[in-house]
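Q: A single structure is presented below for examination.
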Amino acid sequence: MIEVERQAALDAIGAEVAACTNCRLHVTRTNAVPGEGTAATEVVFVGEGPGFNEDRQGKPFVGQAGAKLDALLASVLWSRQEVFITNVVKCRPPENRDPEPAEITACAPFLTRQLEVLDPALVVTLGRFSMARFYPGARIGQVHGTFRLADPESGAPNALTYAMYHPAAALHQGSLNETLFRDMQGVPGALLEARKQRSAAPEPAPGPVEARVDPAAGAEPSPTSDAPIQAVGELDPEGAESDPTDQLPLF
Ligand code: URA
């Protein structure tokens with residue numbers, strides 16, 4: 001699909017999201033939030049669900065968590081215009097509660113279709129609900145800052161996924177700010193690794209791949225350009241760790 005076709009397909013999905021009544025979140029929403037960014041990107045960021053400001057504006061990550069995401073992107077010299085940003089659920093859960101399993105299930109086909117259209121090389125998961133879709137059974141305290149092949153059922157069978165804490169985590173728990181920025185430094189390297197794997201193997205490899213990127217390795221690629229591919233990655237040395245964001249509210 002060429003870029004204009006991708007954009008048209010994303011717009012069509014967005015229109016369906018705006019009219020969706022598949023779960024009860026449609027009753028309380030002001031605006032649905034399908035997602036936004038460029039159809040030309042190789043990188044998709046997936047958060048949990050819209051908060052107050054997102055519901056008002058119909059755009060993802062425009063509140064405090066969005067300012068943190070912008071700062072994270074800027075720390076690797078990226079911007080939101082170069083990526084695509086969306087959420088697991090497209091309508092705000094009332095009072096910023098966690099999305100319920102039935103709501104996640106009802107909304108899942110939209111994210112699947114967005115990923116099929118964009119065919120990203122890399123999906124960055126923000127928070128545990130997003131992580132659960134691409135890393136079933138994982139704990140964020142163990143997998144943050146690492147990448148692996150996406151679950152083929154996710155809609156992005158040719159992508160690597162890279163797990164991060166939710167940007168709002170740093171607003172609640174200052175100690176996670178440093179972790180978030182450190183993990184962000186690994187994202188460009190994960191993109192290089194994803195490009196390498198896609199060019200080497202057009203079909204998804206059968207076994208799981210799990211690794212941590214060395215942020216010091218190589219220059220940072222743009223998420224919308226074809227930078228040269230460089231070798232990165234080492235096996236995740238990290239052991240078990242508690243999950244400090246288990247009870248975080250959404251923003
Ligand atoms: N938190 C999310 O997970 N998504 C948004 O769009 C905003 C805040």
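Chain identifiers are assigned as A, B, and so on, following the order in which chains appear in the structure tokens; residues are numbered from 1 within each chain, and ligands are numbered from 1 in order of appearance.
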Please provide the set of residues having any atom within 10 Å of region 106-121 of chain A, restricted to only C-alpha atoms, with same-chain residues fewer than 4 positions apart removed, written as a PDB file with C-alpha atoms, in the first residue's frame.
A:
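Contents of the output file result09.pdb:
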ATOM      1  CA  MET A   1       0.000   0.000   0.000  1.00  0.00           C
ATOM      2  CA  GLU A   3       1.158   6.242   1.710  1.00  0.00           C
ATOM      3  CA  GLU A   5      -3.786   4.488   0.467  1.00  0.00           C
ATOM      4  CA  ARG A   6      -2.610   3.885   4.028  1.00  0.00           C
ATOM      5  CA  GLN A   7      -3.864   7.299   5.076  1.00  0.00           C
ATOM      6  CA  ALA A   8      -7.234   6.683   3.442  1.00  0.00           C
ATOM      7  CA  ALA A   9      -7.496   3.307   5.191  1.00  0.00           C
ATOM      8  CA  LEU A  10      -6.583   4.887   8.549  1.00  0.00           C
ATOM      9  CA  ASP A  11      -9.159   7.632   7.995  1.00  0.00           C
ATOM     10  CA  ILE A  13     -10.968   3.166  10.473  1.00  0.00           C
ATOM     11  CA  GLY A  14     -11.079   6.496  12.332  1.00  0.00           C
ATOM     12  CA  GLU A  16     -15.721   3.766  12.182  1.00  0.00           C
ATOM     13  CA  VAL A  17     -14.201   4.378  15.612  1.00  0.00           C
ATOM     14  CA  CYS A  20     -18.627   2.860  17.236  1.00  0.00           C
ATOM     15  CA  THR A  21     -21.151   1.636  19.805  1.00  0.00           C
ATOM     16  CA  ASN A  22     -19.558  -1.781  20.404  1.00  0.00           C
ATOM     17  CA  CYS A  23     -19.004  -1.246  24.126  1.00  0.00           C
ATOM     18  CA  ARG A  24     -20.494   0.946  26.832  1.00  0.00           C
ATOM     19  CA  PRO A  34      -8.722   6.722  17.000  1.00  0.00           C
ATOM     20  CA  GLY A  35      -5.085   7.841  16.994  1.00  0.00           C
ATOM     21  CA  THR A  38       1.908   9.781   9.879  1.00  0.00           C
ATOM     22  CA  ALA A  39       0.934   6.872   7.668  1.00  0.00           C
ATOM     23  CA  ALA A  40       4.555   6.840   6.448  1.00  0.00           C
ATOM     24  CA  THR A  41       5.992   5.765   9.789  1.00  0.00           C
ATOM     25  CA  GLU A  42       7.751   2.569  10.799  1.00  0.00           C
ATOM     26  CA  VAL A  43       6.960   3.053  14.486  1.00  0.00           C
ATOM     27  CA  VAL A  44       3.624   2.864  16.320  1.00  0.00           C
ATOM     28  CA  VAL A  46       0.287   2.145  21.739  1.00  0.00           C
ATOM     29  CA  VAL A  83       5.293   8.238  14.408  1.00  0.00           C
ATOM     30  CA  PHE A  84       1.730   6.980  14.849  1.00  0.00           C
ATOM     31  CA  THR A  86      -2.903   5.221  19.362  1.00  0.00           C
ATOM     32  CA  ASN A  87      -4.427   3.309  22.268  1.00  0.00           C
ATOM     33  CA  VAL A  88      -5.768  -0.116  23.178  1.00  0.00           C
ATOM     34  CA  VAL A  89      -9.209   1.392  23.815  1.00  0.00           C
ATOM     35  CA  LYS A  90     -10.323   4.363  21.753  1.00  0.00           C
ATOM     36  CA  CYS A  91     -12.839   5.874  24.180  1.00  0.00           C
ATOM     37  CA  GLU A 100     -12.319  -3.658  31.328  1.00  0.00           C
ATOM     38  CA  PRO A 101     -11.596  -6.902  29.472  1.00  0.00           C
ATOM     39  CA  ALA A 102     -14.884  -6.671  27.519  1.00  0.00           C
ATOM     40  CA  ARG A 133      -1.567  -7.454  23.828  1.00  0.00           C
ATOM     41  CA  ALA A 150       5.147  -9.315  18.246  1.00  0.00           C
ATOM     42  CA  GLU A 153      -2.364 -12.269  16.679  1.00  0.00           C
ATOM     43  CA  SER A 154      -1.632  -8.610  17.474  1.00  0.00           C
ATOM     44  CA  GLY A 155      -2.019  -7.492  13.847  1.00  0.00           C
ATOM     45  CA  ALA A 156       1.701  -6.741  13.505  1.00  0.00           C
ATOM     46  CA  PRO A 157       3.210 -10.165  12.757  1.00  0.00           C
ATOM     47  CA  ASN A 158       6.310  -8.684  11.112  1.00  0.00           C
ATOM     48  CA  ALA A 159       7.082  -6.226  13.890  1.00  0.00           C
ATOM     49  CA  LEU A 160       9.251  -6.182  16.951  1.00  0.00           C
ATOM     50  CA  THR A 161       7.572  -4.812  20.047  1.00  0.00           C
ATOM     51  CA  ALA A 190      15.124  -1.588  18.521  1.00  0.00           C
ATOM     52  CA  LEU A 191      14.016   0.009  15.243  1.00  0.00           C
ATOM     53  CA  LEU A 192      17.373  -0.810  13.678  1.00  0.00           C
ATOM     54  CA  GLU A 193      17.045  -4.392  14.893  1.00  0.00           C
ATOM     55  CA  ALA A 194      13.492  -4.572  13.543  1.00  0.00           C
ATOM     56  CA  ARG A 195      14.650  -3.366  10.130  1.00  0.00           C
ATOM     57  CA  LYS A 196      17.422  -5.915  10.172  1.00  0.00           C
ATOM     58  CA  GLN A 197      15.041  -8.754  10.958  1.00  0.00           C
ATOM     59  CA  ARG A 198      12.536  -7.656   8.317  1.00  0.00           C
ATOM     60  CA  PRO A 223      11.231   6.456  12.351  1.00  0.00           C
TER      61      PRO A 223
END
Q: Which residues of chain A have any atom within 6 Å of an atom in ligand 1 when counting only C-alpha atoms and all ligand atoms, and what is the closest pair of atoms for each, with the distance in Å to one decimal? Order the rows by chain and rising number and write it as a Markdown table.
A:
| residue | atom | partner | partner_atom_place_in_ligand_line | distance |
| --- | --- | --- | --- | --- |
| A:Gly47 | CA | ligand 1 | 3 (O) | 3.9 |
| A:Glu48 | CA | ligand 1 | 3 (O) | 3.5 |
| A:Gly49 | CA | ligand 1 | 3 (O) | 4.3 |
| A:Pro50 | CA | ligand 1 | 6 (O) | 4.1 |
| A:Gly51 | CA | ligand 1 | 7 (C) | 5.1 |
| A:Glu54 | CA | ligand 1 | 6 (O) | 5.9 |
| A:Pro60 | CA | ligand 1 | 6 (O) | 3.6 |
| A:Phe61 | CA | ligand 1 | 6 (O) | 3.8 |
| A:Ala65 | CA | ligand 1 | 8 (C) | 5.5 |
| A:Asn87 | CA | ligand 1 | 4 (N) | 5.7 |
| A:Leu250 | CA | ligand 1 | 1 (N) | 5.4 |
| A:Phe251 | CA | ligand 1 | 8 (C) | 4.5 |
Q: Residues as selected, N, CA and C atoms, written as a PDB file, in the first residue's frame, can you do that?
A:
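Final output, saved to out03.pdb:
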ATOM      1  N   GLY A  47      -0.734   3.286  23.618  1.00  0.00           N
ATOM      2  CA  GLY A  47      -1.032   3.528  25.025  1.00  0.00           C
ATOM      3  C   GLY A  47      -2.240   2.726  25.469  1.00  0.00           C
ATOM      4  N   GLU A  48      -2.842   3.154  26.571  1.00  0.00           N
ATOM      5  CA  GLU A  48      -3.926   2.357  27.164  1.00  0.00           C
ATOM      6  C   GLU A  48      -5.297   2.850  26.721  1.00  0.00           C
ATOM      7  N   GLY A  49      -5.603   4.090  27.017  1.00  0.00           N
ATOM      8  CA  GLY A  49      -6.895   4.638  26.635  1.00  0.00           C
ATOM      9  C   GLY A  49      -6.894   6.134  26.856  1.00  0.00           C
ATOM     10  N   PRO A  50      -7.788   6.851  26.185  1.00  0.00           N
ATOM     11  CA  PRO A  50      -7.838   8.303  26.328  1.00  0.00           C
ATOM     12  C   PRO A  50      -8.168   8.707  27.761  1.00  0.00           C
ATOM     13  N   GLY A  51      -7.635   9.850  28.160  1.00  0.00           N
ATOM     14  CA  GLY A  51      -8.000  10.464  29.429  1.00  0.00           C
ATOM     15  C   GLY A  51      -8.892  11.667  29.173  1.00  0.00           C
ATOM     16  N   GLU A  54      -7.800  13.998  26.225  1.00  0.00           N
ATOM     17  CA  GLU A  54      -7.899  13.289  24.945  1.00  0.00           C
ATOM     18  C   GLU A  54      -9.363  13.165  24.529  1.00  0.00           C
ATOM     19  N   PRO A  60      -4.855  11.584  20.777  1.00  0.00           N
ATOM     20  CA  PRO A  60      -4.182  10.792  21.807  1.00  0.00           C
ATOM     21  C   PRO A  60      -3.051  11.567  22.487  1.00  0.00           C
ATOM     22  N   PHE A  61      -2.864  11.299  23.748  1.00  0.00           N
ATOM     23  CA  PHE A  61      -1.712  11.813  24.499  1.00  0.00           C
ATOM     24  C   PHE A  61      -1.538  13.323  24.325  1.00  0.00           C
ATOM     25  N   ALA A  65       0.338  13.215  30.422  1.00  0.00           N
ATOM     26  CA  ALA A  65       1.058  12.037  29.939  1.00  0.00           C
ATOM     27  C   ALA A  65       1.577  12.285  28.523  1.00  0.00           C
ATOM     28  N   ASN A  87      -4.151   3.936  20.970  1.00  0.00           N
ATOM     29  CA  ASN A  87      -4.427   3.309  22.268  1.00  0.00           C
ATOM     30  C   ASN A  87      -5.113   1.964  22.096  1.00  0.00           C
ATOM     31  N   LEU A 250      -5.280   5.845  34.508  1.00  0.00           N
ATOM     32  CA  LEU A 250      -4.971   6.449  33.224  1.00  0.00           C
ATOM     33  C   LEU A 250      -5.084   7.962  33.344  1.00  0.00           C
ATOM     34  N   PHE A 251      -4.449   8.663  32.429  1.00  0.00           N
ATOM     35  CA  PHE A 251      -4.605  10.119  32.382  1.00  0.00           C
ATOM     36  C   PHE A 251      -5.461  10.485  31.199  1.00  0.00           C
TER      37      PHE A 251
END
Q: Which residues are near Tyr162 (chain A)? Cut-off 6 Å, only C-alpha atoms, ignore same chain within fewer than 4 positions. Put them as a list in words.
A: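 Near Tyr162 (chain A), the qualifying residues are Val124, Thr146 and Phe147 of chain A.
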Q: Using only C-alpha atoms, pick whichever of A:Gln64, A:Asn53, A:Ala18, A:Pro152 has the shortest atom-to-atom distance to His172 (chain A).
A: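 Nearest to His172 (chain A): A:Gln64.
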